[in-house]
file protein_30.cif (mmCIF, N, CA and C atoms)
data_input
loop_
_atom_site.label_atom_id
_atom_site.label_comp_id
_atom_site.auth_asym_id
_atom_site.auth_seq_id
_atom_site.Cartn_x
_atom_site.Cartn_y
_atom_site.Cartn_z
N MET A 1 63.76 -60.74 44.90
CA MET A 1 64.93 -61.52 45.23
C MET A 1 65.85 -61.65 44.02
N LEU A 2 65.24 -61.89 42.88
CA LEU A 2 66.01 -62.02 41.65
C LEU A 2 66.69 -60.70 41.30
N LEU A 3 66.01 -59.63 41.58
CA LEU A 3 66.57 -58.31 41.31
C LEU A 3 67.81 -58.06 42.17
N ILE A 4 67.77 -58.46 43.41
CA ILE A 4 68.91 -58.28 44.31
C ILE A 4 70.07 -59.15 43.83
N LEU A 5 69.79 -60.37 43.46
CA LEU A 5 70.84 -61.28 42.96
C LEU A 5 71.47 -60.73 41.69
N THR A 6 70.65 -60.22 40.81
CA THR A 6 71.16 -59.63 39.56
C THR A 6 72.01 -58.41 39.86
N THR A 7 71.59 -57.59 40.80
CA THR A 7 72.34 -56.39 41.17
C THR A 7 73.68 -56.78 41.78
N VAL A 8 73.70 -57.78 42.65
CA VAL A 8 74.94 -58.23 43.28
C VAL A 8 75.90 -58.77 42.22
N VAL A 9 75.38 -59.56 41.31
CA VAL A 9 76.23 -60.12 40.25
C VAL A 9 76.77 -59.00 39.36
N SER A 10 75.96 -58.00 39.09
CA SER A 10 76.41 -56.87 38.26
C SER A 10 77.50 -56.09 38.97
N LEU A 11 77.31 -55.83 40.28
CA LEU A 11 78.33 -55.11 41.04
C LEU A 11 79.64 -55.91 41.10
N GLU A 12 79.51 -57.21 41.28
CA GLU A 12 80.70 -58.06 41.30
C GLU A 12 81.43 -57.99 39.96
N ALA A 13 80.68 -58.02 38.89
CA ALA A 13 81.28 -57.94 37.55
C ALA A 13 81.97 -56.59 37.35
N ILE A 14 81.37 -55.53 37.88
CA ILE A 14 81.97 -54.20 37.76
C ILE A 14 83.29 -54.15 38.53
N TYR A 15 83.29 -54.66 39.77
CA TYR A 15 84.52 -54.67 40.55
C TYR A 15 85.59 -55.51 39.89
N LEU A 16 85.21 -56.67 39.37
CA LEU A 16 86.19 -57.52 38.68
C LEU A 16 86.75 -56.81 37.45
N ALA A 17 85.90 -56.13 36.72
CA ALA A 17 86.36 -55.41 35.53
C ALA A 17 87.34 -54.31 35.91
N ILE A 18 87.07 -53.62 37.02
CA ILE A 18 87.97 -52.56 37.48
C ILE A 18 89.32 -53.15 37.86
N PHE A 19 89.33 -54.24 38.62
CA PHE A 19 90.59 -54.86 39.03
C PHE A 19 91.36 -55.42 37.84
N ILE A 20 90.66 -56.00 36.91
CA ILE A 20 91.31 -56.52 35.70
C ILE A 20 91.93 -55.37 34.92
N GLN A 21 91.21 -54.27 34.78
CA GLN A 21 91.74 -53.12 34.04
C GLN A 21 92.97 -52.55 34.74
N MET A 22 92.95 -52.50 36.07
CA MET A 22 94.12 -52.02 36.82
C MET A 22 95.32 -52.93 36.57
N SER A 23 95.08 -54.22 36.56
CA SER A 23 96.16 -55.18 36.32
C SER A 23 96.71 -55.03 34.90
N VAL A 24 95.82 -54.83 33.94
CA VAL A 24 96.25 -54.64 32.55
C VAL A 24 97.07 -53.35 32.44
N ASN A 25 96.64 -52.29 33.11
CA ASN A 25 97.37 -51.02 33.07
C ASN A 25 98.78 -51.17 33.65
N ARG A 26 98.90 -51.88 34.77
CA ARG A 26 100.21 -52.12 35.36
C ARG A 26 101.10 -52.92 34.42
N SER A 27 100.53 -53.93 33.83
CA SER A 27 101.31 -54.75 32.89
C SER A 27 101.76 -53.91 31.70
N HIS A 28 100.89 -53.06 31.21
CA HIS A 28 101.23 -52.20 30.07
C HIS A 28 102.37 -51.25 30.43
N GLU A 29 102.34 -50.69 31.65
CA GLU A 29 103.42 -49.80 32.09
C GLU A 29 104.74 -50.54 32.16
N LYS A 30 104.71 -51.77 32.67
CA LYS A 30 105.94 -52.56 32.76
C LYS A 30 106.48 -52.87 31.36
N ILE A 31 105.60 -53.17 30.44
CA ILE A 31 106.02 -53.45 29.06
C ILE A 31 106.65 -52.21 28.44
N GLU A 32 106.07 -51.04 28.69
CA GLU A 32 106.64 -49.80 28.16
C GLU A 32 108.03 -49.55 28.74
N ASP A 33 108.20 -49.81 30.05
CA ASP A 33 109.51 -49.64 30.68
C ASP A 33 110.53 -50.58 30.04
N ILE A 34 110.13 -51.81 29.80
CA ILE A 34 111.04 -52.78 29.19
C ILE A 34 111.40 -52.35 27.77
N GLN A 35 110.43 -51.83 27.03
CA GLN A 35 110.72 -51.36 25.67
C GLN A 35 111.70 -50.20 25.69
N GLU A 36 111.55 -49.29 26.65
CA GLU A 36 112.49 -48.18 26.77
C GLU A 36 113.90 -48.70 27.09
N ASP A 37 113.98 -49.69 27.99
CA ASP A 37 115.28 -50.27 28.32
C ASP A 37 115.92 -50.90 27.09
N ILE A 38 115.13 -51.60 26.31
CA ILE A 38 115.64 -52.24 25.09
C ILE A 38 116.15 -51.19 24.11
N GLU A 39 115.42 -50.10 23.96
CA GLU A 39 115.86 -49.02 23.07
C GLU A 39 117.18 -48.42 23.54
N GLU A 40 117.31 -48.21 24.85
CA GLU A 40 118.55 -47.67 25.39
C GLU A 40 119.72 -48.62 25.15
N ILE A 41 119.48 -49.91 25.36
CA ILE A 41 120.53 -50.90 25.13
C ILE A 41 120.93 -50.91 23.66
N SER A 42 119.96 -50.82 22.78
CA SER A 42 120.26 -50.79 21.35
C SER A 42 121.11 -49.57 20.99
N GLU A 43 120.77 -48.42 21.56
CA GLU A 43 121.55 -47.21 21.32
C GLU A 43 122.98 -47.38 21.84
N ASP A 44 123.11 -47.99 23.03
CA ASP A 44 124.44 -48.22 23.59
C ASP A 44 125.25 -49.14 22.69
N ILE A 45 124.62 -50.17 22.17
CA ILE A 45 125.31 -51.11 21.28
C ILE A 45 125.77 -50.39 20.02
N GLU A 46 124.92 -49.53 19.48
CA GLU A 46 125.30 -48.77 18.28
C GLU A 46 126.49 -47.85 18.58
N ASP A 47 126.46 -47.21 19.75
CA ASP A 47 127.58 -46.33 20.13
C ASP A 47 128.87 -47.13 20.25
N ILE A 48 128.77 -48.29 20.87
CA ILE A 48 129.96 -49.14 21.04
C ILE A 48 130.48 -49.59 19.68
N GLN A 49 129.58 -49.94 18.79
CA GLN A 49 130.00 -50.37 17.47
C GLN A 49 130.69 -49.23 16.72
N GLU A 50 130.17 -48.01 16.85
CA GLU A 50 130.82 -46.86 16.22
C GLU A 50 132.22 -46.65 16.80
N ASP A 51 132.33 -46.80 18.12
CA ASP A 51 133.64 -46.65 18.76
C ASP A 51 134.62 -47.70 18.24
N ILE A 52 134.13 -48.92 18.09
CA ILE A 52 134.99 -50.00 17.60
C ILE A 52 135.42 -49.72 16.17
N GLU A 53 134.51 -49.20 15.36
CA GLU A 53 134.88 -48.87 13.98
C GLU A 53 135.94 -47.78 13.96
N GLU A 54 135.79 -46.78 14.82
CA GLU A 54 136.79 -45.71 14.90
C GLU A 54 138.14 -46.27 15.34
N ILE A 55 138.12 -47.17 16.32
CA ILE A 55 139.36 -47.78 16.79
C ILE A 55 139.99 -48.60 15.66
N SER A 56 139.16 -49.31 14.90
CA SER A 56 139.69 -50.09 13.77
C SER A 56 140.36 -49.17 12.76
N GLU A 57 139.73 -48.05 12.47
CA GLU A 57 140.33 -47.09 11.54
C GLU A 57 141.65 -46.57 12.09
N ASP A 58 141.68 -46.28 13.38
CA ASP A 58 142.92 -45.80 14.00
C ASP A 58 144.02 -46.86 13.89
N ILE A 59 143.65 -48.11 14.09
CA ILE A 59 144.63 -49.19 14.01
C ILE A 59 145.15 -49.33 12.58
N GLU A 60 144.25 -49.18 11.62
CA GLU A 60 144.69 -49.24 10.22
C GLU A 60 145.67 -48.11 9.92
N GLU A 61 145.37 -46.91 10.42
CA GLU A 61 146.28 -45.79 10.23
C GLU A 61 147.63 -46.06 10.90
N ILE A 62 147.58 -46.62 12.09
CA ILE A 62 148.82 -46.95 12.80
C ILE A 62 149.60 -48.01 12.02
N SER A 63 148.89 -48.98 11.45
CA SER A 63 149.56 -50.00 10.65
C SER A 63 150.25 -49.38 9.44
N GLU A 64 149.56 -48.45 8.80
CA GLU A 64 150.17 -47.76 7.66
C GLU A 64 151.41 -46.98 8.11
N ASP A 65 151.29 -46.32 9.26
CA ASP A 65 152.44 -45.57 9.78
C ASP A 65 153.60 -46.51 10.07
N ILE A 66 153.30 -47.68 10.60
CA ILE A 66 154.35 -48.65 10.91
C ILE A 66 155.01 -49.14 9.62
N GLU A 67 154.20 -49.34 8.59
CA GLU A 67 154.78 -49.74 7.31
C GLU A 67 155.72 -48.66 6.79
N GLU A 68 155.30 -47.41 6.91
CA GLU A 68 156.17 -46.31 6.50
C GLU A 68 157.44 -46.28 7.35
N ILE A 69 157.28 -46.52 8.63
CA ILE A 69 158.44 -46.56 9.52
C ILE A 69 159.37 -47.70 9.11
N ASN A 70 158.79 -48.84 8.76
CA ASN A 70 159.60 -49.98 8.32
C ASN A 70 160.39 -49.62 7.06
N GLU A 71 159.73 -48.91 6.15
CA GLU A 71 160.43 -48.48 4.94
C GLU A 71 161.57 -47.53 5.30
N ASP A 72 161.28 -46.61 6.22
CA ASP A 72 162.33 -45.70 6.66
C ASP A 72 163.47 -46.46 7.33
N ILE A 73 163.12 -47.46 8.10
CA ILE A 73 164.14 -48.27 8.77
C ILE A 73 165.00 -48.99 7.74
N GLU A 74 164.35 -49.51 6.71
CA GLU A 74 165.12 -50.17 5.65
C GLU A 74 166.08 -49.18 4.99
N ASP A 75 165.58 -47.97 4.74
CA ASP A 75 166.45 -46.94 4.17
C ASP A 75 167.61 -46.63 5.12
N ILE A 76 167.29 -46.53 6.38
CA ILE A 76 168.33 -46.26 7.37
C ILE A 76 169.32 -47.41 7.42
N GLN A 77 168.81 -48.63 7.32
CA GLN A 77 169.70 -49.79 7.33
C GLN A 77 170.64 -49.77 6.13
N GLU A 78 170.10 -49.39 4.98
CA GLU A 78 170.95 -49.28 3.80
C GLU A 78 172.02 -48.22 4.01
N ASP A 79 171.60 -47.08 4.57
CA ASP A 79 172.57 -46.03 4.86
C ASP A 79 173.62 -46.52 5.85
N ILE A 80 173.16 -47.27 6.83
CA ILE A 80 174.08 -47.80 7.84
C ILE A 80 175.07 -48.75 7.20
N GLU A 81 174.58 -49.57 6.30
CA GLU A 81 175.48 -50.50 5.61
C GLU A 81 176.54 -49.74 4.81
N GLU A 82 176.12 -48.67 4.16
CA GLU A 82 177.08 -47.86 3.41
C GLU A 82 178.11 -47.24 4.35
N ILE A 83 177.63 -46.75 5.46
CA ILE A 83 178.55 -46.14 6.43
C ILE A 83 179.48 -47.21 7.00
N ASN A 84 178.94 -48.41 7.23
CA ASN A 84 179.76 -49.49 7.77
C ASN A 84 180.87 -49.87 6.80
N GLU A 85 180.55 -49.83 5.53
CA GLU A 85 181.58 -50.14 4.56
C GLU A 85 182.69 -49.10 4.61
N GLU A 86 182.31 -47.86 4.85
CA GLU A 86 183.31 -46.79 4.90
C GLU A 86 184.05 -46.76 6.22
N GLU A 87 183.35 -47.05 7.28
CA GLU A 87 183.98 -46.93 8.60
C GLU A 87 183.78 -48.21 9.38
N GLU A 88 184.75 -49.07 9.37
CA GLU A 88 184.67 -50.34 10.07
C GLU A 88 184.68 -50.17 11.60
N ASP A 89 185.25 -49.10 12.07
CA ASP A 89 185.34 -48.87 13.51
C ASP A 89 183.97 -48.65 14.15
N GLU A 90 183.06 -48.09 13.40
CA GLU A 90 181.73 -47.80 13.95
C GLU A 90 180.75 -48.94 13.69
N ASN A 91 181.23 -50.05 13.21
CA ASN A 91 180.40 -51.20 12.84
C ASN A 91 179.54 -51.69 14.01
N HIS A 92 180.14 -51.82 15.13
CA HIS A 92 179.42 -52.35 16.29
C HIS A 92 178.27 -51.44 16.72
N ASN A 93 178.50 -50.15 16.77
CA ASN A 93 177.47 -49.20 17.19
C ASN A 93 176.29 -49.19 16.22
N GLU A 94 176.57 -49.24 14.95
CA GLU A 94 175.50 -49.20 13.94
C GLU A 94 174.63 -50.46 14.01
N ARG A 95 175.26 -51.60 14.21
CA ARG A 95 174.48 -52.84 14.34
C ARG A 95 173.58 -52.79 15.57
N ALA A 96 174.09 -52.24 16.63
CA ALA A 96 173.29 -52.12 17.84
C ALA A 96 172.07 -51.24 17.60
N LYS A 97 172.27 -50.14 16.88
CA LYS A 97 171.14 -49.26 16.55
C LYS A 97 170.14 -49.99 15.67
N ASN A 98 170.65 -50.72 14.71
CA ASN A 98 169.80 -51.47 13.79
C ASN A 98 168.95 -52.50 14.53
N VAL A 99 169.58 -53.21 15.44
CA VAL A 99 168.86 -54.21 16.23
C VAL A 99 167.79 -53.55 17.08
N MET A 100 168.11 -52.40 17.65
CA MET A 100 167.13 -51.68 18.48
C MET A 100 165.94 -51.23 17.64
N LEU A 101 166.19 -50.73 16.44
CA LEU A 101 165.10 -50.30 15.57
C LEU A 101 164.20 -51.47 15.20
N LYS A 102 164.81 -52.59 14.85
CA LYS A 102 164.02 -53.78 14.50
C LYS A 102 163.20 -54.25 15.69
N SER A 103 163.82 -54.22 16.86
CA SER A 103 163.12 -54.64 18.07
C SER A 103 161.90 -53.77 18.34
N ASN A 104 162.06 -52.46 18.18
CA ASN A 104 160.94 -51.54 18.41
C ASN A 104 159.82 -51.78 17.40
N VAL A 105 160.17 -52.01 16.16
CA VAL A 105 159.16 -52.26 15.13
C VAL A 105 158.41 -53.55 15.42
N ASN A 106 159.14 -54.59 15.78
CA ASN A 106 158.49 -55.87 16.09
C ASN A 106 157.56 -55.73 17.29
N SER A 107 158.00 -54.98 18.27
CA SER A 107 157.17 -54.74 19.45
C SER A 107 155.88 -54.02 19.06
N ASN A 108 156.00 -53.00 18.20
CA ASN A 108 154.81 -52.27 17.74
C ASN A 108 153.88 -53.17 16.95
N LYS A 109 154.45 -54.03 16.11
CA LYS A 109 153.62 -54.96 15.33
C LYS A 109 152.82 -55.88 16.26
N ASN A 110 153.49 -56.38 17.29
CA ASN A 110 152.81 -57.28 18.23
C ASN A 110 151.68 -56.56 18.97
N GLU A 111 151.92 -55.33 19.36
CA GLU A 111 150.88 -54.56 20.05
C GLU A 111 149.70 -54.29 19.14
N ILE A 112 149.96 -54.00 17.89
CA ILE A 112 148.87 -53.76 16.93
C ILE A 112 148.07 -55.04 16.71
N LYS A 113 148.76 -56.16 16.62
CA LYS A 113 148.06 -57.43 16.44
C LYS A 113 147.16 -57.71 17.64
N THR A 114 147.66 -57.43 18.84
CA THR A 114 146.86 -57.63 20.04
C THR A 114 145.62 -56.73 20.01
N LEU A 115 145.80 -55.48 19.61
CA LEU A 115 144.66 -54.56 19.51
C LEU A 115 143.64 -55.04 18.49
N LYS A 116 144.11 -55.53 17.37
CA LYS A 116 143.19 -56.04 16.34
C LYS A 116 142.39 -57.22 16.89
N ASP A 117 143.07 -58.12 17.62
CA ASP A 117 142.37 -59.27 18.20
C ASP A 117 141.32 -58.82 19.20
N LYS A 118 141.65 -57.84 20.03
CA LYS A 118 140.68 -57.34 21.01
C LYS A 118 139.49 -56.69 20.33
N ILE A 119 139.75 -55.96 19.26
CA ILE A 119 138.65 -55.32 18.52
C ILE A 119 137.75 -56.38 17.91
N GLN A 120 138.35 -57.44 17.40
CA GLN A 120 137.55 -58.52 16.81
C GLN A 120 136.69 -59.17 17.89
N GLU A 121 137.25 -59.37 19.09
CA GLU A 121 136.47 -59.93 20.18
C GLU A 121 135.29 -59.03 20.53
N LEU A 122 135.53 -57.73 20.59
CA LEU A 122 134.45 -56.78 20.88
C LEU A 122 133.39 -56.83 19.79
N GLN A 123 133.83 -56.91 18.55
CA GLN A 123 132.88 -56.97 17.43
C GLN A 123 132.03 -58.23 17.53
N ASP A 124 132.66 -59.36 17.89
CA ASP A 124 131.92 -60.62 18.05
C ASP A 124 130.90 -60.50 19.18
N LYS A 125 131.29 -59.86 20.28
CA LYS A 125 130.36 -59.70 21.40
C LYS A 125 129.19 -58.81 21.01
N ILE A 126 129.45 -57.79 20.23
CA ILE A 126 128.37 -56.91 19.77
C ILE A 126 127.42 -57.69 18.88
N ASP A 127 127.98 -58.50 18.00
CA ASP A 127 127.14 -59.32 17.13
C ASP A 127 126.27 -60.27 17.94
N GLU A 128 126.84 -60.84 19.02
CA GLU A 128 126.06 -61.72 19.88
C GLU A 128 124.94 -60.95 20.57
N LEU A 129 125.25 -59.75 21.04
CA LEU A 129 124.22 -58.93 21.70
C LEU A 129 123.11 -58.57 20.73
N LYS A 130 123.47 -58.29 19.49
CA LYS A 130 122.44 -57.96 18.51
C LYS A 130 121.54 -59.15 18.24
N LYS A 131 122.12 -60.35 18.22
CA LYS A 131 121.32 -61.55 17.97
C LYS A 131 120.36 -61.83 19.12
N ASP A 132 120.83 -61.55 20.35
CA ASP A 132 119.98 -61.81 21.52
C ASP A 132 118.86 -60.80 21.53
#

call {"tool": "encode", "arguments": {"input": "protein_30.cif", "output": "structure tokens"}}
result
Amino acid sequence: MLLILTTVVSLEAIYLAIFIQMSVNRSHEKIEDIQEDIEEISEDIEDIQEDIEEISEDIEEISEDIEEINEDIEDIQEDIEEINEEEEDENHNERAKNVMLKSNVNSNKNEIKTLKDKIQELQDKIDELKKD
């Protein structure tokens, strides 16, 4: 009788061990899937950060170009002033051109500032994602 009881308990222990091992294997597979997802997300974040850095560089280049354009505009304005001194009849047309140039430059400056703000927001979001 004791032998039968011992055998039953042993078989029960074997079945329990098998079920526990199956459960552990499933949990391990889920953990591996989650780790793969985390690695993919990290790679995506790195790609996004590289894109943001490239955009920042582009914006800096655009800012430099705008500064050069502003210098050219100043030169043009000086030329316009000289021409205005020589030809009073064309005064109105030259001022209109000057105002248009200034307006375009100011518009470009505002757009660049908006882009810089958006890039900073993206950078902040990336930093938050990295912390999480």

call {"tool": "residues_around", "arguments": {"input": "protein_30.cif", "residues": "stretch 106-113 of chain A", "least_positions_apart": "6", "cutoff": "8 Å", "atoms": "all atoms listed in the file", "output": "PyMOL selection string"}}
result
chain A and resi 59+62-63+66+100+119

call {"tool": "atom_distance", "arguments": {"input": "protein_30.cif", "atom1": "atom C of A:Leu115", "atom2": "atom CA of A:Asp127"}}
result
17.1 Å

call {"tool": "atom_distance", "arguments": {"input": "protein_30.cif", "atom1": "atom CA of A:Gln21", "atom2": "atom CA of A:Ile4"}}
result
25.6 Å

call {"tool": "closest_residue", "arguments": {"input": "protein_30.cif", "among": "A:Asp37, A:Asp72, A:Asp58, A:Glu46", "to": "A:Val105", "atoms": "only C-alpha atoms"}}
result
A:Asp72

call {"tool": "atom_distance", "arguments": {"input": "protein_30.cif", "atom1": "atom CA of A:Glu128", "atom2": "atom CA of A:Glu54"}}
result
19.9 Å
